[in-house]
>>> print(open('work33.cif').read())   # mmCIF, C-alpha atoms
data_entry
#
loop_
_atom_site.label_atom_id
_atom_site.label_comp_id
_atom_site.auth_asym_id
_atom_site.auth_seq_id
_atom_site.Cartn_x
_atom_site.Cartn_y
_atom_site.Cartn_z
CA MET A 163 92.13 -15.63 189.33
CA THR A 164 91.69 -13.31 192.28
CA MET A 165 90.25 -9.91 191.47
CA PRO A 166 90.02 -6.92 193.80
CA LEU A 167 86.63 -7.02 195.51
CA GLU A 168 85.22 -4.16 197.53
CA ILE A 169 82.06 -4.67 199.60
CA THR A 170 80.31 -1.60 201.00
CA ALA A 171 77.31 -1.64 203.29
CA ARG A 172 75.14 1.45 203.79
CA GLU A 173 72.54 1.62 206.54
CA ILE A 174 72.98 -2.12 207.17
CA GLU A 175 75.22 -4.37 209.24
CA THR A 176 76.87 -7.13 207.25
CA THR A 177 77.61 -10.55 208.66
CA PRO A 178 80.39 -12.95 207.73
CA ALA A 179 77.75 -15.13 206.00
CA ILE A 180 76.61 -12.22 203.79
CA GLU A 181 80.18 -11.28 202.90
CA GLU A 182 81.01 -14.92 202.11
CA LYS A 183 77.94 -15.18 199.83
CA ILE A 184 79.05 -12.04 197.97
CA ARG A 185 82.63 -13.36 197.65
CA MET A 186 81.35 -16.67 196.22
CA LYS A 187 79.12 -14.86 193.71
CA ALA A 188 81.94 -12.47 192.76
CA ASP A 189 84.39 -15.36 192.23
CA LYS A 190 81.88 -16.89 189.82
CA LEU A 191 82.05 -13.73 187.66
CA THR A 192 85.35 -14.92 186.19
CA GLN A 193 83.54 -17.89 184.64
CA TYR A 194 81.79 -15.42 182.34
CA TYR A 195 84.79 -13.17 181.62
CA ASP A 196 88.29 -13.83 182.93
CA ARG A 197 89.84 -10.36 182.56
CA ILE A 198 87.88 -8.55 185.28
CA GLU A 199 89.98 -5.77 186.80
CA SER A 200 87.84 -5.04 189.88
CA CYS A 201 84.40 -5.50 191.39
CA GLN A 202 82.56 -3.20 193.80
CA VAL A 203 79.39 -4.34 195.54
CA VAL A 204 77.19 -1.94 197.50
CA ILE A 205 74.41 -3.20 199.75
CA GLU A 206 72.01 -0.60 201.02
CA THR A 207 68.56 0.00 202.36
CA PRO A 208 66.68 2.80 200.60
CA THR A 209 66.02 5.54 203.11
CA LYS A 210 62.63 6.70 201.86
CA HIS A 211 60.09 3.94 201.32
CA LYS A 212 56.54 3.26 202.39
CA HIS A 213 57.15 -0.43 202.99
CA HIS A 214 56.89 -1.91 206.46
CA GLY A 215 59.88 -4.29 206.33
CA ASN A 216 63.49 -3.74 205.36
CA LEU A 217 64.16 -3.47 201.66
CA TYR A 218 67.62 -4.22 200.34
CA ASN A 219 69.19 -2.88 197.18
CA VAL A 220 72.37 -4.37 195.70
CA ARG A 221 74.49 -2.45 193.20
CA ILE A 222 77.45 -4.00 191.40
CA GLU A 223 80.14 -2.27 189.35
CA VAL A 224 82.62 -4.42 187.42
CA ASN A 225 85.61 -2.92 185.64
CA VAL A 226 86.81 -4.76 182.54
CA PRO A 227 89.39 -3.49 180.04
CA GLY A 228 87.88 -0.44 178.37
CA LYS A 229 84.46 -0.63 179.99
CA VAL A 230 82.55 -0.40 183.28
CA LEU A 231 79.51 -2.65 183.69
CA ASN A 232 76.83 -1.65 186.21
CA VAL A 233 73.87 -3.38 187.80
CA SER A 234 71.40 -1.70 190.12
CA LYS A 235 68.52 -4.01 191.00
CA GLN A 236 65.21 -2.96 192.45
CA PRO A 237 64.92 -3.42 196.22
CA ASP A 238 63.86 -6.78 197.64
CA GLU A 239 62.74 -7.77 201.13
CA ASP A 240 65.19 -10.69 201.21
CA LEU A 241 68.85 -9.64 201.14
CA TYR A 242 69.96 -12.99 199.73
CA VAL A 243 67.42 -12.69 196.89
CA ALA A 244 68.62 -9.14 196.16
CA ILE A 245 72.24 -10.40 196.03
CA ARG A 246 71.31 -13.34 193.80
CA ASP A 247 69.29 -11.21 191.36
CA ALA A 248 71.97 -8.53 191.08
CA PHE A 249 74.71 -11.08 190.37
CA GLN A 250 72.50 -12.92 187.85
CA ALA A 251 72.09 -9.63 185.96
CA MET A 252 75.86 -9.07 186.07
CA TYR A 253 76.53 -12.62 184.82
CA ARG A 254 74.32 -11.87 181.81
CA GLN A 255 76.10 -8.58 181.13
CA LEU A 256 79.53 -10.20 181.31
CA GLU A 257 78.46 -13.05 179.06
CA THR A 258 77.09 -10.59 176.48
CA TYR A 259 80.24 -8.45 176.70
CA SER A 260 82.45 -11.52 176.25
CA GLN A 261 80.40 -12.72 173.26
CA LYS A 262 80.70 -9.31 171.58
CA LEU A 263 84.47 -9.34 172.03
CA ARG A 264 84.64 -12.79 170.42
CA GLY A 265 82.54 -11.54 167.51
CA GLU A 266 79.63 -13.82 168.27
CA VAL A 267 76.29 -12.54 167.09
CA LYS A 268 73.13 -13.35 168.94
CA THR A 269 70.54 -15.15 166.84
CA HIS A 270 67.04 -13.74 166.96
CA PHE A 271 64.19 -16.08 166.29
CA GLU A 272 61.62 -15.26 163.64
CA MET A 273 58.29 -14.31 165.15
CA LYS A 274 55.25 -15.98 163.64
CA ASN A 275 51.70 -14.65 163.71
CA GLY A 276 48.42 -16.42 164.20
CA SER A 277 45.18 -16.38 166.14
CA ILE A 278 43.89 -18.35 169.09
CA ASP A 279 41.94 -21.26 167.63
CA ARG A 280 40.99 -23.27 170.75
CA LEU A 281 41.38 -22.72 174.51
CA PHE A 282 41.25 -25.18 177.40
CA SER A 283 41.87 -24.81 181.16
CA ASP A 284 45.63 -24.15 180.94
CA TYR A 285 46.59 -24.63 177.29
CA GLY A 286 45.43 -23.77 173.82
CA PHE A 287 46.10 -23.91 170.10
CA ILE A 288 47.14 -21.20 167.68
CA ARG A 289 46.32 -21.35 163.97
CA THR A 290 48.55 -19.52 161.49
CA PRO A 291 47.36 -18.02 158.18
CA GLU A 292 49.13 -20.95 156.45
CA GLY A 293 46.86 -23.35 158.34
CA ASN A 294 49.46 -24.78 160.77
CA GLU A 295 48.33 -25.46 164.33
CA TYR A 296 50.63 -24.79 167.30
CA TYR A 297 50.12 -26.03 170.86
CA PHE A 298 50.94 -23.65 173.74
CA HIS A 299 50.73 -23.93 177.51
CA GLU A 300 49.84 -20.99 179.74
CA SER A 301 53.47 -20.94 180.96
CA ASN A 302 54.50 -20.00 177.37
CA LEU A 303 52.34 -16.88 177.45
CA GLN A 304 54.11 -13.53 177.82
CA ASN A 305 51.03 -11.29 177.95
CA PRO A 306 48.16 -10.94 178.74
CA PRO A 307 47.33 -13.40 181.52
CA PHE A 308 45.95 -16.71 180.18
CA ASN A 309 42.44 -16.04 181.52
CA GLU A 310 42.23 -12.85 179.40
CA LEU A 311 42.77 -14.67 176.08
CA ALA A 312 39.82 -15.22 173.77
CA ILE A 313 39.31 -17.32 170.69
CA GLY A 314 40.24 -15.17 167.71
CA SER A 315 42.84 -13.11 169.60
CA LEU A 316 45.78 -12.26 167.36
CA VAL A 317 49.13 -13.41 168.74
CA SER A 318 52.79 -13.53 167.83
CA PHE A 319 55.06 -16.37 168.94
CA ILE A 320 58.25 -18.30 168.32
CA GLU A 321 57.98 -21.76 166.75
CA VAL A 322 59.46 -24.59 168.79
CA GLN A 323 59.74 -28.12 167.46
CA SER A 324 59.03 -30.80 170.06
CA GLY A 325 59.07 -34.23 168.52
CA GLU A 326 56.46 -34.16 165.79
CA THR A 327 54.35 -31.51 167.52
CA LEU A 328 54.51 -27.83 166.59
CA GLN A 329 54.63 -25.73 169.73
CA ALA A 330 54.53 -22.01 170.39
CA ALA A 331 56.79 -20.26 172.89
CA HIS A 332 56.89 -16.61 173.99
CA VAL A 333 53.26 -16.15 172.97
CA SER A 334 52.14 -12.54 173.09
CA ALA A 335 48.70 -11.15 172.23
CA ASN A 336 48.48 -7.69 170.70
CA GLY A 337 44.99 -6.87 171.97
CA LYS A 338 43.24 -7.34 168.63
CA SER A 339 41.12 -10.11 167.28
CA VAL A 340 40.38 -11.54 163.85
CA GLU A 341 37.02 -9.70 163.85
CA ASP A 342 38.84 -6.34 164.22
CA LEU A 343 40.58 -6.96 160.90
CA GLU A 344 37.38 -7.73 158.98
#
>>> encode(input="work33.cif", output="structure tokens")
Amino acid sequence: MTMPLEITAREIETTPAIEEKIRMKADKLTQYYDRIESCQVVIETPTKHKHHGNLYNVRIEVNVPGKVLNVSKQPDEDLYVAIRDAFQAMYRQLETYSQKLRGEVKTHFEMKNGSIDRLFSDYGFIRTPEGNEYYFHESNLQNPPFNELAIGSLVSFIEVQSGETLQAAHVSANGKSVEDLE
């Protein structure tokens, strides 16, 4: 399906390669929702910034029946990265909009609570009040940075089953420790 696409450039010269990249990304929008009425993409450089290089901002407006979806991403030094990030955000919005129309409800995972039991160089273990032990890697940590964790820190996480091992994902510390509760 071909949808009307409007590309506007402000304070920047576009090239055929940039326009082709935008057209390819815009064509992919119909994979997430096939009743798109129009799409407007604005590429601009913010006029007032204290940065030494060019910063690019990409805004996207997509019209669907009964709604207008907007994305305005923060500026990036790389135009192609700014385009990619803006379209990724729009893909997510279209997918969510499409799911709502189909009556699909997003499932939220139950958060579990525990405390840091053991820490190693880039992984650790969480113990829950029930006595279960969950492995987590530093890449599963949301906040704070791994090096700021301490044994006894209270955390919340999502349980992930991996084979016979209990693992924790989306681990987040709340800044308190077991000693604070006593």
>>> atom_distance(input="work33.cif", atom1="CA of Asn225 in chain A", atom2="CA of Lys187 in chain A")
15.8 Å
>>> residues_around(input="work33.cif", residues="range 314-322 of chain A", least_positions_apart="5", cutoff="9 Å", atoms="all atoms listed in the file", output="JSON, numbers by chain")
{"A": [271, 272, 273, 274, 275, 276, 277, 278, 279, 280, 288, 296, 303, 327, 328, 329, 330, 331, 332, 333, 334, 335, 336, 337, 338, 339, 340, 341]}
>>> closest_residue(input="work33.cif", among="A:Gln261, A:Ser283, A:Thr176, A:Gln202", to="Phe249 in chain A", atoms="all atoms listed in the file")
A:Gln202
>>> atom_distance(input="work33.cif", atom1="CA of Met252 in chain A", atom2="CA of Ile180 in chain A")
18.0 Å
>>> closest_residue(input="work33.cif", among="A:Asp284, A:Glu257, A:Glu292, A:Glu300", to="Tyr195 in chain A", atoms="all atoms listed in the file")
A:Glu257
>>> resolve_selection(input="work33.cif", expression="the PyMOL selection byres ((chain A and resi 197) around 12)", output="PDB file with C-alpha atoms, in the frame of the given file")
ATOM      1  CA  MET A 163      92.130 -15.630 189.330  1.00  0.00           C
ATOM      2  CA  THR A 164      91.690 -13.310 192.280  1.00  0.00           C
ATOM      3  CA  MET A 165      90.250  -9.910 191.470  1.00  0.00           C
ATOM      4  CA  PRO A 166      90.020  -6.920 193.800  1.00  0.00           C
ATOM      5  CA  LEU A 191      82.050 -13.730 187.660  1.00  0.00           C
ATOM      6  CA  THR A 192      85.350 -14.920 186.190  1.00  0.00           C
ATOM      7  CA  GLN A 193      83.540 -17.890 184.640  1.00  0.00           C
ATOM      8  CA  TYR A 194      81.790 -15.420 182.340  1.00  0.00           C
ATOM      9  CA  TYR A 195      84.790 -13.170 181.620  1.00  0.00           C
ATOM     10  CA  ASP A 196      88.290 -13.830 182.930  1.00  0.00           C
ATOM     11  CA  ILE A 198      87.880  -8.550 185.280  1.00  0.00           C
ATOM     12  CA  GLU A 199      89.980  -5.770 186.800  1.00  0.00           C
ATOM     13  CA  SER A 200      87.840  -5.040 189.880  1.00  0.00           C
ATOM     14  CA  CYS A 201      84.400  -5.500 191.390  1.00  0.00           C
ATOM     15  CA  VAL A 224      82.620  -4.420 187.420  1.00  0.00           C
ATOM     16  CA  ASN A 225      85.610  -2.920 185.640  1.00  0.00           C
ATOM     17  CA  VAL A 226      86.810  -4.760 182.540  1.00  0.00           C
ATOM     18  CA  PRO A 227      89.390  -3.490 180.040  1.00  0.00           C
ATOM     19  CA  GLY A 228      87.880  -0.440 178.370  1.00  0.00           C
ATOM     20  CA  LYS A 229      84.460  -0.630 179.990  1.00  0.00           C
ATOM     21  CA  LEU A 256      79.530 -10.200 181.310  1.00  0.00           C
ATOM     22  CA  TYR A 259      80.240  -8.450 176.700  1.00  0.00           C
ATOM     23  CA  SER A 260      82.450 -11.520 176.250  1.00  0.00           C
ATOM     24  CA  LEU A 263      84.470  -9.340 172.030  1.00  0.00           C
TER      25      LEU A 263
END
>>> atom_distance(input="work33.cif", atom1="CA of Asp238 in chain A", atom2="CA of Pro178 in chain A")
20.3 Å
>>> residues_near_point(input="work33.cif", point="(73.2, -6.3, 198.1)", cutoff="6 Å", atoms="only C-alpha atoms", output="list in words")
Val204, Ile205, Asn219, Val220, Ala244 and Ile245 of chain A
>>> residues_around(input="work33.cif", residues="Glu206 in chain A", least_positions_apart="4", cutoff="6 Å", atoms="only C-alpha atoms", output="PDB file with C-alpha atoms, keeping the file's coordinate frame")
ATOM      1  CA  ALA A 171      77.310  -1.640 203.290  1.00  0.00           C
ATOM      2  CA  ARG A 172      75.140   1.450 203.790  1.00  0.00           C
ATOM      3  CA  GLU A 173      72.540   1.620 206.540  1.00  0.00           C
ATOM      4  CA  TYR A 218      67.620  -4.220 200.340  1.00  0.00           C
ATOM      5  CA  ASN A 219      69.190  -2.880 197.180  1.00  0.00           C
TER       6      ASN A 219
END
>>> closest_residue(input="work33.cif", among="A:Phe287, A:Ile169, A:Gln255, A:Arg264", to="Arg221 in chain A", atoms="only C-alpha atoms")
A:Ile169
>>> residues_around(input="work33.cif", residues="Leu217 in chain A", least_positions_apart="6", cutoff="9 Å", atoms="only C-alpha atoms", output="list of chain:residue names")
A:Glu206, A:Thr207, A:Pro208, A:His211, A:Pro237, A:Asp238, A:Glu239, A:Asp240, A:Leu241
